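Chemist: So here's my_file_0.pdb, just PDB, C-alpha atoms, pLDDT in the B column:
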```pdb
ATOM      1  CA  MET I   1      46.344 -19.874  -0.199  1.00 56.00           C
ATOM      2  CA  GLN I   2      46.730 -20.653   3.498  1.00 57.00           C
ATOM      3  CA  ILE I   3      46.956 -16.948   4.259  1.00 58.00           C
ATOM      4  CA  ILE I   4      43.679 -16.315   2.400  1.00 53.00           C
ATOM      5  CA  LYS I   5      41.991 -19.181   4.245  1.00 54.00           C
ATOM      6  CA  ARG I   6      43.268 -17.874   7.566  1.00 58.00           C
ATOM      7  CA  LYS I   7      41.888 -14.412   6.797  1.00 54.00           C
ATOM      8  CA  LEU I   8      38.525 -15.847   5.796  1.00 50.00           C
ATOM      9  CA  VAL I   9      38.346 -17.833   9.040  1.00 50.00           C
ATOM     10  CA  GLN I  10      39.297 -14.760  11.045  1.00 60.00           C
ATOM     11  CA  ARG I  11      36.642 -12.693   9.286  1.00 59.00           C
ATOM     12  CA  ALA I  12      34.005 -15.360   9.915  1.00 53.00           C
ATOM     13  CA  CYS I  13      34.951 -15.496  13.590  1.00 49.00           C
ATOM     14  CA  PHE I  14      34.802 -11.721  13.817  1.00 51.00           C
ATOM     15  CA  LEU I  15      31.355 -11.556  12.218  1.00 45.00           C
ATOM     16  CA  SER I  16      30.097 -14.336  14.450  1.00 46.00           C
ATOM     17  CA  ALA I  17      31.385 -12.579  17.564  1.00 44.00           C
ATOM     18  CA  LEU I  18      29.902  -9.294  16.362  1.00 40.00           C
ATOM     19  CA  GLY I  19      26.532 -10.963  15.838  1.00 42.00           C
ATOM     20  CA  ILE I  20      26.602 -12.346  19.368  1.00 35.00           C
ATOM     21  CA  ILE I  21      27.473  -8.950  20.828  1.00 40.00           C
ATOM     22  CA  VAL I  22      24.699  -7.220  18.872  1.00 34.00           C
ATOM     23  CA  SER I  23      22.203  -9.863  19.985  1.00 35.00           C
ATOM     24  CA  ILE I  24      23.193  -9.435  23.619  1.00 36.00           C
ATOM     25  CA  LEU I  25      22.794  -5.665  23.415  1.00 40.00           C
ATOM     26  CA  VAL I  26      19.718  -5.401  21.186  1.00 36.00           C
ATOM     27  CA  TRP I  27      17.579  -8.394  22.117  1.00 35.00           C
ATOM     28  CA  PRO I  28      16.728  -7.232  25.677  1.00 41.00           C
ATOM     29  CA  MET I  29      15.453  -3.927  24.247  1.00 41.00           C
ATOM     30  CA  LEU I  30      13.304  -5.733  21.698  1.00 38.00           C
ATOM     31  CA  ALA I  31      11.986  -8.106  24.353  1.00 38.00           C
ATOM     32  CA  ARG I  32      11.025  -5.229  26.643  1.00 45.00           C
ATOM     33  CA  ALA I  33       9.276  -3.459  23.778  1.00 46.00           C
ATOM     34  CA  ALA I  34       7.237  -6.542  22.894  1.00 52.00           C
ATOM     35  CA  ALA I  35       6.228  -7.399  26.459  1.00 88.00           C
ATOM     36  CA  PRO I  36       3.374  -4.863  26.873  1.00 93.00           C
ATOM     37  CA  ALA I  37       1.756  -6.021  23.628  1.00 94.00           C
ATOM     38  CA  GLN I  38       1.869  -9.586  24.945  1.00 95.00           C
ATOM     39  CA  LEU I  39      -0.026  -8.448  28.031  1.00 97.00           C
ATOM     40  CA  CYS I  40      -2.921  -7.405  25.779  1.00 97.00           C
ATOM     41  CA  GLU I  41      -2.711 -10.667  23.861  1.00 97.00           C
ATOM     42  CA  ALA I  42      -2.776 -12.795  27.018  1.00 97.00           C
ATOM     43  CA  ALA I  43      -5.632 -10.770  28.497  1.00 98.00           C
ATOM     44  CA  ALA I  44      -7.603 -11.086  25.270  1.00 98.00           C
ATOM     45  CA  ARG I  45      -7.144 -14.853  25.270  1.00 98.00           C
ATOM     46  CA  THR I  46      -8.349 -15.266  28.869  1.00 98.00           C
ATOM     47  CA  ALA I  47     -11.337 -12.947  28.452  1.00 98.00           C
ATOM     48  CA  ALA I  48     -12.312 -14.557  25.143  1.00 98.00           C
ATOM     49  CA  GLN I  49     -12.412 -18.002  26.753  1.00 98.00           C
ATOM     50  CA  ARG I  50     -14.344 -16.752  29.759  1.00 97.00           C
ATOM     51  CA  HIS I  51     -17.094 -15.039  27.757  1.00 98.00           C
ATOM     52  CA  GLY I  52     -17.221 -17.173  24.632  1.00 98.00           C
ATOM     53  CA  VAL I  53     -15.852 -14.486  22.295  1.00 98.00           C
ATOM     54  CA  PRO I  54     -13.758 -15.754  19.360  1.00 98.00           C
ATOM     55  CA  LEU I  55     -10.112 -15.000  20.066  1.00 98.00           C
ATOM     56  CA  ASP I  56      -9.556 -13.479  16.633  1.00 97.00           C
ATOM     57  CA  VAL I  57     -12.433 -11.071  17.294  1.00 98.00           C
ATOM     58  CA  MET I  58     -10.852  -9.909  20.556  1.00 98.00           C
ATOM     59  CA  ARG I  59      -7.409  -9.576  19.020  1.00 98.00           C
ATOM     60  CA  ALA I  60      -8.640  -7.644  16.000  1.00 98.00           C
ATOM     61  CA  VAL I  61     -10.641  -5.226  18.165  1.00 98.00           C
ATOM     62  CA  ALA I  62      -7.545  -4.597  20.287  1.00 98.00           C
ATOM     63  CA  LEU I  63      -5.569  -3.788  17.137  1.00 97.00           C
ATOM     64  CA  VAL I  64      -8.184  -1.353  15.860  1.00 96.00           C
ATOM     65  CA  GLU I  65      -8.278   0.304  19.268  1.00 96.00           C
ATOM     66  CA  THR I  66      -4.587   0.557  20.126  1.00 97.00           C
ATOM     67  CA  GLY I  67      -2.628  -1.188  17.375  1.00 95.00           C
ATOM     68  CA  ARG I  68       0.640   0.151  16.053  1.00 89.00           C
ATOM     69  CA  SER I  69       3.460  -1.284  13.992  1.00 87.00           C
ATOM     70  CA  ARG I  70       6.397  -2.583  16.020  1.00 81.00           C
ATOM     71  CA  ASN I  71       9.254  -4.212  14.123  1.00 83.00           C
ATOM     72  CA  GLY I  72       6.947  -4.594  11.130  1.00 84.00           C
ATOM     73  CA  VAL I  73       4.161  -6.309  13.119  1.00 86.00           C
ATOM     74  CA  MET I  74       0.898  -4.718  14.240  1.00 91.00           C
ATOM     75  CA  GLN I  75       0.571  -4.998  18.018  1.00 94.00           C
ATOM     76  CA  PRO I  76      -1.963  -3.789  20.604  1.00 96.00           C
ATOM     77  CA  TRP I  77      -0.768  -1.620  23.489  1.00 97.00           C
ATOM     78  CA  PRO I  78      -1.967  -1.667  27.120  1.00 98.00           C
ATOM     79  CA  TRP I  79      -0.698   1.799  28.082  1.00 98.00           C
ATOM     80  CA  ALA I  80      -2.676   3.737  25.470  1.00 97.00           C
ATOM     81  CA  ILE I  81      -4.712   6.785  26.468  1.00 97.00           C
ATOM     82  CA  HIS I  82      -7.080   8.810  24.322  1.00 95.00           C
ATOM     83  CA  ALA I  83      -8.039  12.187  25.730  1.00 94.00           C
ATOM     84  CA  LEU I  84      -8.545  15.765  24.548  1.00 89.00           C
ATOM     85  CA  GLY I  85      -8.903  14.541  20.975  1.00 87.00           C
ATOM     86  CA  GLU I  86      -5.487  12.856  20.959  1.00 90.00           C
ATOM     87  CA  GLY I  87      -4.460   9.230  21.218  1.00 92.00           C
ATOM     88  CA  ARG I  88      -1.106   8.542  22.842  1.00 95.00           C
ATOM     89  CA  TRP I  89       0.920   5.431  23.613  1.00 95.00           C
ATOM     90  CA  PHE I  90       3.050   5.340  26.738  1.00 96.00           C
ATOM     91  CA  ASP I  91       5.934   3.006  27.440  1.00 92.00           C
ATOM     92  CA  GLY I  92       4.740   2.325  30.976  1.00 96.00           C
ATOM     93  CA  ARG I  93       1.578   2.137  33.048  1.00 97.00           C
ATOM     94  CA  ASP I  94       2.525   4.891  35.503  1.00 97.00           C
ATOM     95  CA  ALA I  95       3.104   7.479  32.778  1.00 97.00           C
ATOM     96  CA  ALA I  96      -0.220   6.584  31.166  1.00 98.00           C
ATOM     97  CA  LEU I  97      -2.031   6.923  34.497  1.00 98.00           C
ATOM     98  CA  ARG I  98      -0.396  10.271  35.228  1.00 97.00           C
ATOM     99  CA  HIS I  99      -1.632  11.585  31.904  1.00 97.00           C
ATOM    100  CA  ALA I 100      -5.151  10.240  32.461  1.00 98.00           C
ATOM    101  CA  ARG I 101      -5.331  11.711  35.970  1.00 97.00           C
ATOM    102  CA  ALA I 102      -4.083  15.096  34.773  1.00 97.00           C
ATOM    103  CA  VAL I 103      -6.826  15.244  32.149  1.00 97.00           C
ATOM    104  CA  ILE I 104      -9.540  14.117  34.567  1.00 97.00           C
ATOM    105  CA  ALA I 105      -8.348  16.711  37.099  1.00 96.00           C
ATOM    106  CA  GLN I 106      -9.213  19.350  34.470  1.00 95.00           C
ATOM    107  CA  GLY I 107     -12.816  18.140  34.524  1.00 94.00           C
ATOM    108  CA  ARG I 108     -12.456  16.177  31.267  1.00 95.00           C
ATOM    109  CA  ARG I 109     -14.005  12.761  31.735  1.00 94.00           C
ATOM    110  CA  ASN I 110     -13.960  11.528  28.130  1.00 93.00           C
ATOM    111  CA  VAL I 111     -10.787   9.479  28.617  1.00 96.00           C
ATOM    112  CA  ASP I 112     -10.204   6.061  27.066  1.00 96.00           C
ATOM    113  CA  LEU I 113      -7.787   3.645  28.704  1.00 97.00           C
ATOM    114  CA  GLY I 114      -6.034   0.381  28.004  1.00 98.00           C
ATOM    115  CA  CYS I 115      -5.843  -2.357  25.410  1.00 98.00           C
ATOM    116  CA  PHE I 116      -9.534  -2.018  24.543  1.00 98.00           C
ATOM    117  CA  GLN I 117      -9.919   1.691  25.306  1.00 97.00           C
ATOM    118  CA  VAL I 118     -12.619   1.507  27.967  1.00 95.00           C
ATOM    119  CA  ASN I 119     -14.042   4.981  28.578  1.00 91.00           C
ATOM    120  CA  TYR I 120     -13.869   6.636  31.991  1.00 95.00           C
ATOM    121  CA  ARG I 121     -16.971   8.801  31.478  1.00 93.00           C
ATOM    122  CA  TRP I 122     -19.306   5.921  30.742  1.00 88.00           C
ATOM    123  CA  HIS I 123     -17.716   3.044  32.595  1.00 91.00           C
ATOM    124  CA  GLY I 124     -15.431   4.453  35.264  1.00 92.00           C
ATOM    125  CA  HIS I 125     -18.023   3.672  37.926  1.00 93.00           C
ATOM    126  CA  LYS I 126     -17.713  -0.022  37.086  1.00 94.00           C
ATOM    127  CA  PHE I 127     -14.105  -0.086  38.277  1.00 96.00           C
ATOM    128  CA  ALA I 128     -12.597   0.473  41.697  1.00 96.00           C
ATOM    129  CA  SER I 129      -9.815   2.687  40.315  1.00 96.00           C
ATOM    130  CA  LEU I 130      -8.024   3.905  37.202  1.00 97.00           C
ATOM    131  CA  GLU I 131      -5.363   1.307  37.935  1.00 97.00           C
ATOM    132  CA  GLN I 132      -8.022  -1.375  37.579  1.00 97.00           C
ATOM    133  CA  MET I 133      -9.413   0.161  34.392  1.00 97.00           C
ATOM    134  CA  ILE I 134      -6.060   0.166  32.636  1.00 98.00           C
ATOM    135  CA  ASP I 135      -5.054  -3.267  33.893  1.00 98.00           C
ATOM    136  CA  PRO I 136      -4.921  -5.463  30.758  1.00 98.00           C
ATOM    137  CA  ALA I 137      -6.876  -8.333  32.325  1.00 98.00           C
ATOM    138  CA  GLN I 138      -9.648  -6.118  33.711  1.00 97.00           C
ATOM    139  CA  ASN I 139      -9.767  -4.029  30.545  1.00 98.00           C
ATOM    140  CA  ALA I 140     -10.109  -7.101  28.329  1.00 98.00           C
ATOM    141  CA  GLU I 141     -12.657  -8.666  30.676  1.00 98.00           C
ATOM    142  CA  TYR I 142     -14.925  -5.646  30.373  1.00 98.00           C
ATOM    143  CA  ALA I 143     -14.523  -5.472  26.588  1.00 98.00           C
ATOM    144  CA  ALA I 144     -15.368  -9.159  26.226  1.00 98.00           C
ATOM    145  CA  GLN I 145     -18.508  -8.707  28.314  1.00 97.00           C
ATOM    146  CA  LEU I 146     -19.672  -5.868  26.056  1.00 95.00           C
ATOM    147  CA  LEU I 147     -18.970  -7.844  22.894  1.00 97.00           C
ATOM    148  CA  ALA I 148     -20.822 -10.887  24.236  1.00 98.00           C
ATOM    149  CA  GLN I 149     -23.808  -8.730  25.179  1.00 96.00           C
ATOM    150  CA  HIS I 150     -23.935  -7.149  21.727  1.00 96.00           C
ATOM    151  CA  LYS I 151     -23.626 -10.572  20.078  1.00 98.00           C
ATOM    152  CA  GLN I 152     -26.555 -11.914  22.091  1.00 97.00           C
ATOM    153  CA  ARG I 153     -28.665  -8.895  21.159  1.00 97.00           C
ATOM    154  CA  LEU I 154     -27.649  -8.509  17.495  1.00 96.00           C
ATOM    155  CA  GLY I 155     -26.984 -12.095  16.428  1.00 96.00           C
ATOM    156  CA  SER I 156     -23.501 -11.910  14.877  1.00 97.00           C
ATOM    157  CA  TRP I 157     -19.975 -11.068  15.941  1.00 97.00           C
ATOM    158  CA  GLU I 158     -19.511  -8.516  13.179  1.00 97.00           C
ATOM    159  CA  ARG I 159     -22.613  -6.637  14.281  1.00 97.00           C
ATOM    160  CA  ALA I 160     -21.381  -6.879  17.843  1.00 97.00           C
ATOM    161  CA  VAL I 161     -18.062  -5.335  16.830  1.00 97.00           C
ATOM    162  CA  GLY I 162     -19.800  -2.481  15.038  1.00 96.00           C
ATOM    163  CA  ALA I 163     -21.959  -1.820  18.103  1.00 95.00           C
ATOM    164  CA  TYR I 164     -18.903  -1.979  20.346  1.00 93.00           C
ATOM    165  CA  HIS I 165     -17.707   1.110  18.551  1.00 92.00           C
ATOM    166  CA  SER I 166     -20.857   3.121  17.883  1.00 90.00           C
ATOM    167  CA  ALA I 167     -24.640   2.991  17.739  1.00 89.00           C
ATOM    168  CA  THR I 168     -24.499   5.214  14.655  1.00 93.00           C
ATOM    169  CA  PRO I 169     -24.544   2.930  11.559  1.00 94.00           C
ATOM    170  CA  GLU I 170     -22.139   5.070   9.528  1.00 95.00           C
ATOM    171  CA  PHE I 171     -19.495   5.051  12.238  1.00 94.00           C
ATOM    172  CA  ALA I 172     -20.052   1.365  13.009  1.00 95.00           C
ATOM    173  CA  ARG I 173     -19.529   0.488   9.330  1.00 95.00           C
ATOM    174  CA  ARG I 174     -16.291   2.454   9.177  1.00 96.00           C
ATOM    175  CA  TYR I 175     -15.010   0.753  12.296  1.00 96.00           C
ATOM    176  CA  LEU I 176     -16.085  -2.657  11.028  1.00 96.00           C
ATOM    177  CA  SER I 177     -14.134  -2.121   7.813  1.00 96.00           C
ATOM    178  CA  ARG I 178     -10.964  -1.545   9.793  1.00 96.00           C
ATOM    179  CA  PHE I 179     -11.766  -4.504  12.037  1.00 97.00           C
ATOM    180  CA  ARG I 180     -12.020  -6.815   9.016  1.00 97.00           C
ATOM    181  CA  GLU I 181      -8.675  -5.578   7.759  1.00 95.00           C
ATOM    182  CA  MET I 182      -6.988  -6.198  11.089  1.00 96.00           C
ATOM    183  CA  ARG I 183      -8.662  -9.585  11.487  1.00 96.00           C
ATOM    184  CA  ALA I 184      -7.374 -10.708   8.096  1.00 94.00           C
ATOM    185  CA  GLN I 185      -3.820  -9.662   8.966  1.00 90.00           C
ATOM    186  CA  LEU I 186      -3.598 -11.262  12.411  1.00 90.00           C
ATOM    187  CA  ALA I 187      -0.266 -12.835  13.231  1.00 78.00           C
ATOM    188  CA  PRO I 188      -0.237 -16.104  15.217  1.00 80.00           C
ATOM    189  CA  ALA I 189      -1.257 -15.454  18.813  1.00 74.00           C
ATOM    190  CA  PRO I 190       1.612 -15.436  21.341  1.00 69.00           C
ATOM    191  CA  THR I 191       1.473 -18.340  23.775  1.00 60.00           C
ATOM    192  CA  ALA I 192       2.703 -16.574  26.920  1.00 51.00           C
ATOM    193  CA  PRO I 193       2.721 -13.040  28.319  1.00 45.00           C
ATOM    194  CA  ALA I 194       5.805 -11.179  29.490  1.00 44.00           C
ATOM    195  CA  THR I 195       6.292  -8.532  32.160  1.00 40.00           C
ATOM    196  CA  PRO I 196       6.970  -5.041  30.745  1.00 40.00           C
ATOM    197  CA  GLN I 197      10.052  -3.181  31.922  1.00 38.00           C
ATOM    198  CA  ALA I 198       9.898  -0.113  29.703  1.00 40.00           C
ATOM    199  CA  PRO I 199      10.553   3.428  30.980  1.00 37.00           C
ATOM    200  CA  PRO I 200       7.503   5.717  31.373  1.00 38.00           C
ATOM    201  CA  THR I 201       7.927   8.079  28.429  1.00 41.00           C
ATOM    202  CA  ALA I 202       5.146   9.103  26.046  1.00 40.00           C
ATOM    203  CA  ARG I 203       4.929   8.512  22.318  1.00 41.00           C
ATOM    204  CA  ASP I 204       2.523  10.255  20.020  1.00 40.00           C
ATOM    205  CA  ASN I 205      -0.119   8.204  18.234  1.00 39.00           C
ATOM    206  CA  GLN I 206       0.815   7.741  14.570  1.00 34.00           C
ATOM    207  CA  PHE I 207      -1.854   5.177  13.705  1.00 34.00           C
ATOM    208  CA  ALA I 208      -3.516   6.764  10.700  1.00 31.00           C
ATOM    209  CA  LEU I 209      -7.108   5.735  11.452  1.00 33.00           C
ATOM    210  CA  LEU I 210      -6.828   7.004  14.993  1.00 36.00           C
ATOM    211  CA  ALA I 211      -5.316  10.384  14.242  1.00 35.00           C
ATOM    212  CA  SER I 212      -6.322  11.506  10.755  1.00 34.00           C
ATOM    213  CA  PRO I 213      -6.303  15.318  10.657  1.00 35.00           C
ATOM    214  CA  GLY I 214      -9.665  16.872   9.874  1.00 35.00           C
ATOM    215  CA  GLU I 215     -11.577  13.626  10.434  1.00 35.00           C
ATOM    216  CA  PRO I 216     -14.041  13.147  13.307  1.00 34.00           C
ATOM    217  CA  ARG I 217     -12.597  10.681  15.769  1.00 34.00           C
ATOM    218  CA  LEU I 218     -15.040   7.959  16.640  1.00 34.00           C
ATOM    219  CA  GLY I 219     -15.428   5.602  19.547  1.00 40.00           C
ATOM    220  CA  SER I 220     -12.794   4.248  21.910  1.00 48.00           C
ATOM    221  CA  LEU I 221      -9.516   5.855  20.827  1.00 39.00           C
ATOM    222  CA  PHE I 222     -11.580   8.573  19.177  1.00 37.00           C
ATOM    223  CA  SER I 223     -13.267  11.599  20.669  1.00 34.00           C
ATOM    224  CA  GLN I 224     -16.583  12.811  19.302  1.00 36.00           C
ATOM    225  CA  SER I 225     -17.787  16.390  19.430  1.00 33.00           C
ATOM    226  CA  SER I 226     -21.464  15.546  18.988  1.00 32.00           C
ATOM    227  CA  GLU I 227     -22.314  13.645  22.142  1.00 33.00           C
ATOM    228  CA  ASN I 228     -26.001  13.511  21.263  1.00 29.00           C
ATOM    229  CA  GLN I 229     -25.415  11.723  17.976  1.00 29.00           C
ATOM    230  CA  THR I 230     -22.628   9.281  18.774  1.00 29.00           C
ATOM    231  CA  ARG I 231     -21.787   7.234  21.826  1.00 30.00           C
ATOM    232  CA  LEU I 232     -18.542   5.384  22.288  1.00 33.00           C
ATOM    233  CA  ILE I 233     -19.756   1.845  22.577  1.00 32.00           C
ATOM    234  CA  ALA I 234     -16.401   0.611  23.800  1.00 37.00           C
ATOM    235  CA  LEU I 235     -17.674   3.083  26.081  1.00 33.00           C
ATOM    236  CA  GLU I 236     -21.444   2.662  26.291  1.00 35.00           C
ATOM    237  CA  PRO I 237     -23.615  -0.271  25.214  1.00 36.00           C
ATOM    238  CA  ALA I 238     -26.271   0.609  22.632  1.00 35.00           C
ATOM    239  CA  GLN I 239     -29.865   0.487  23.791  1.00 34.00           C
ATOM    240  CA  PRO I 240     -32.082  -2.133  22.135  1.00 33.00           C
TER     241      PRO I 240
END
```
In structure tokens, how does this file's structure come out?
Modeler:
Amino acid sequence: MQIIKRKLVQRACFLSALGIIVSILVWPMLARAAAPAQLCEAAARTAAQRHGVPLDVMRAVALVETGRSRNGVMQPWPWAIHALGEGRWFDGRDAALRHARAVIAQGRRNVDLGCFQVNYRWHGHKFASLEQMIDPAQNAEYAAQLLAQHKQRLGSWERAVGAYHSATPEFARRYLSRFREMRAQLAPAPTAPATPQAPPTARDNQFALLASPGEPRLGSLFSQSSENQTRLIALEPAQP
């Protein structure tokens, strides 16, 4: 009996030590992966307070724009770029900027950047640089201003969200449907941001709404072939 007890104690000690080792090795990787998403969350909180936008509205818009599932939780991403009809997430700011610059150097200006996918073609002149455009705080600040302007003009936050995406009612309704879904699924907001330390490698966009084959891609993370019919309102405010 004592031998069995001794073996059970040894096994418990082994499993405990193994758990500690795994935590030491794995937790830093998980923390680094989560940090960029927290940058979007913190930026959304600050911009929401500054411009009187409900925090859940800002967070849900960020998820529709750049959200992806990480460890079973939908998270926004600050180093997201949409260009040439493709949305991509990058692990670091520098890699995202290199991609954006390479596309712009080809004469393609329809490039969306950052947590809220602000468009270079329509709003690049409002920023001093691409670095400023993709900066989570500046990106969220600009998005909050647009949402507040649409709310003042249209009278409700849901209408403002639809206009943020597109002036075309059909596209605005589709976007609003996804926004409602994301808003209903919001996890509790993080209380503090973290500094990202991830390497600058690219990952393809697998978010179904943002990359459905054969579907027109609308607004922000979406490109649109008919420029005369649809404007990217994350990208250009609708005219009254």
Chemist: For a test of reading the model, state the distance in Å between CA of Leu97 in chain I and CA of Gln75 in chain I, rounded to one decimal.
Modeler: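 Value for the CA of Leu97 in chain I-CA of Gln75 in chain I distance: 20.5 Å.
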Chemist: Selected by the PyMOL selection byres ((chain I and resi 150) around 8) in the shown coordinates: which residues, as a VMD selection string?
Modeler: chain I and resid 146 to 149 151 to 155 159 to 161 163 to 164 237
Chemist: Quick one, how far is CA of His125 in chain I from CA of Arg68 in chain I?
Modeler: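 For CA of His125 in chain I relative to CA of Arg68 in chain I, the distance reads 29.0 Å.
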Chemist: Measuring atom to atom with all atoms listed in the file, identify which of I:Trp157, I:Phe179, I:Trp122, I:Phe171 is nearest to Gly67 in chain I.
Modeler: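 Among I:Trp157, I:Phe179, I:Trp122, I:Phe171, it is I:Phe179 that comes nearest to Gly67 in chain I.
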Chemist: Starting from the shown file, work through the PyMOL selection byres ((chain I and resi 99-101) around 9) and note down what comes out as a PyMOL selection string.
Modeler: chain I and resi 81-83+94-98+102-106+111-113+130
Chemist: Closest to Pro54 in chain I among I:Ile134, I:Ala144, I:Val118, I:Ala42, using only C-alpha atoms?
Modeler: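 Of the candidates, the smallest distance to Pro54 in chain I is held by I:Ala144.
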Chemist: Under the rule that all atoms listed in the file are counted, which of I:Val53, I:Asp91, I:Leu176, I:Val73 is the nearest residue to Ala35 in chain I?
Modeler: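 Of I:Val53, I:Asp91, I:Leu176, I:Val73, the one nearest Ala35 in chain I, counting all atoms listed in the file, is I:Asp91.
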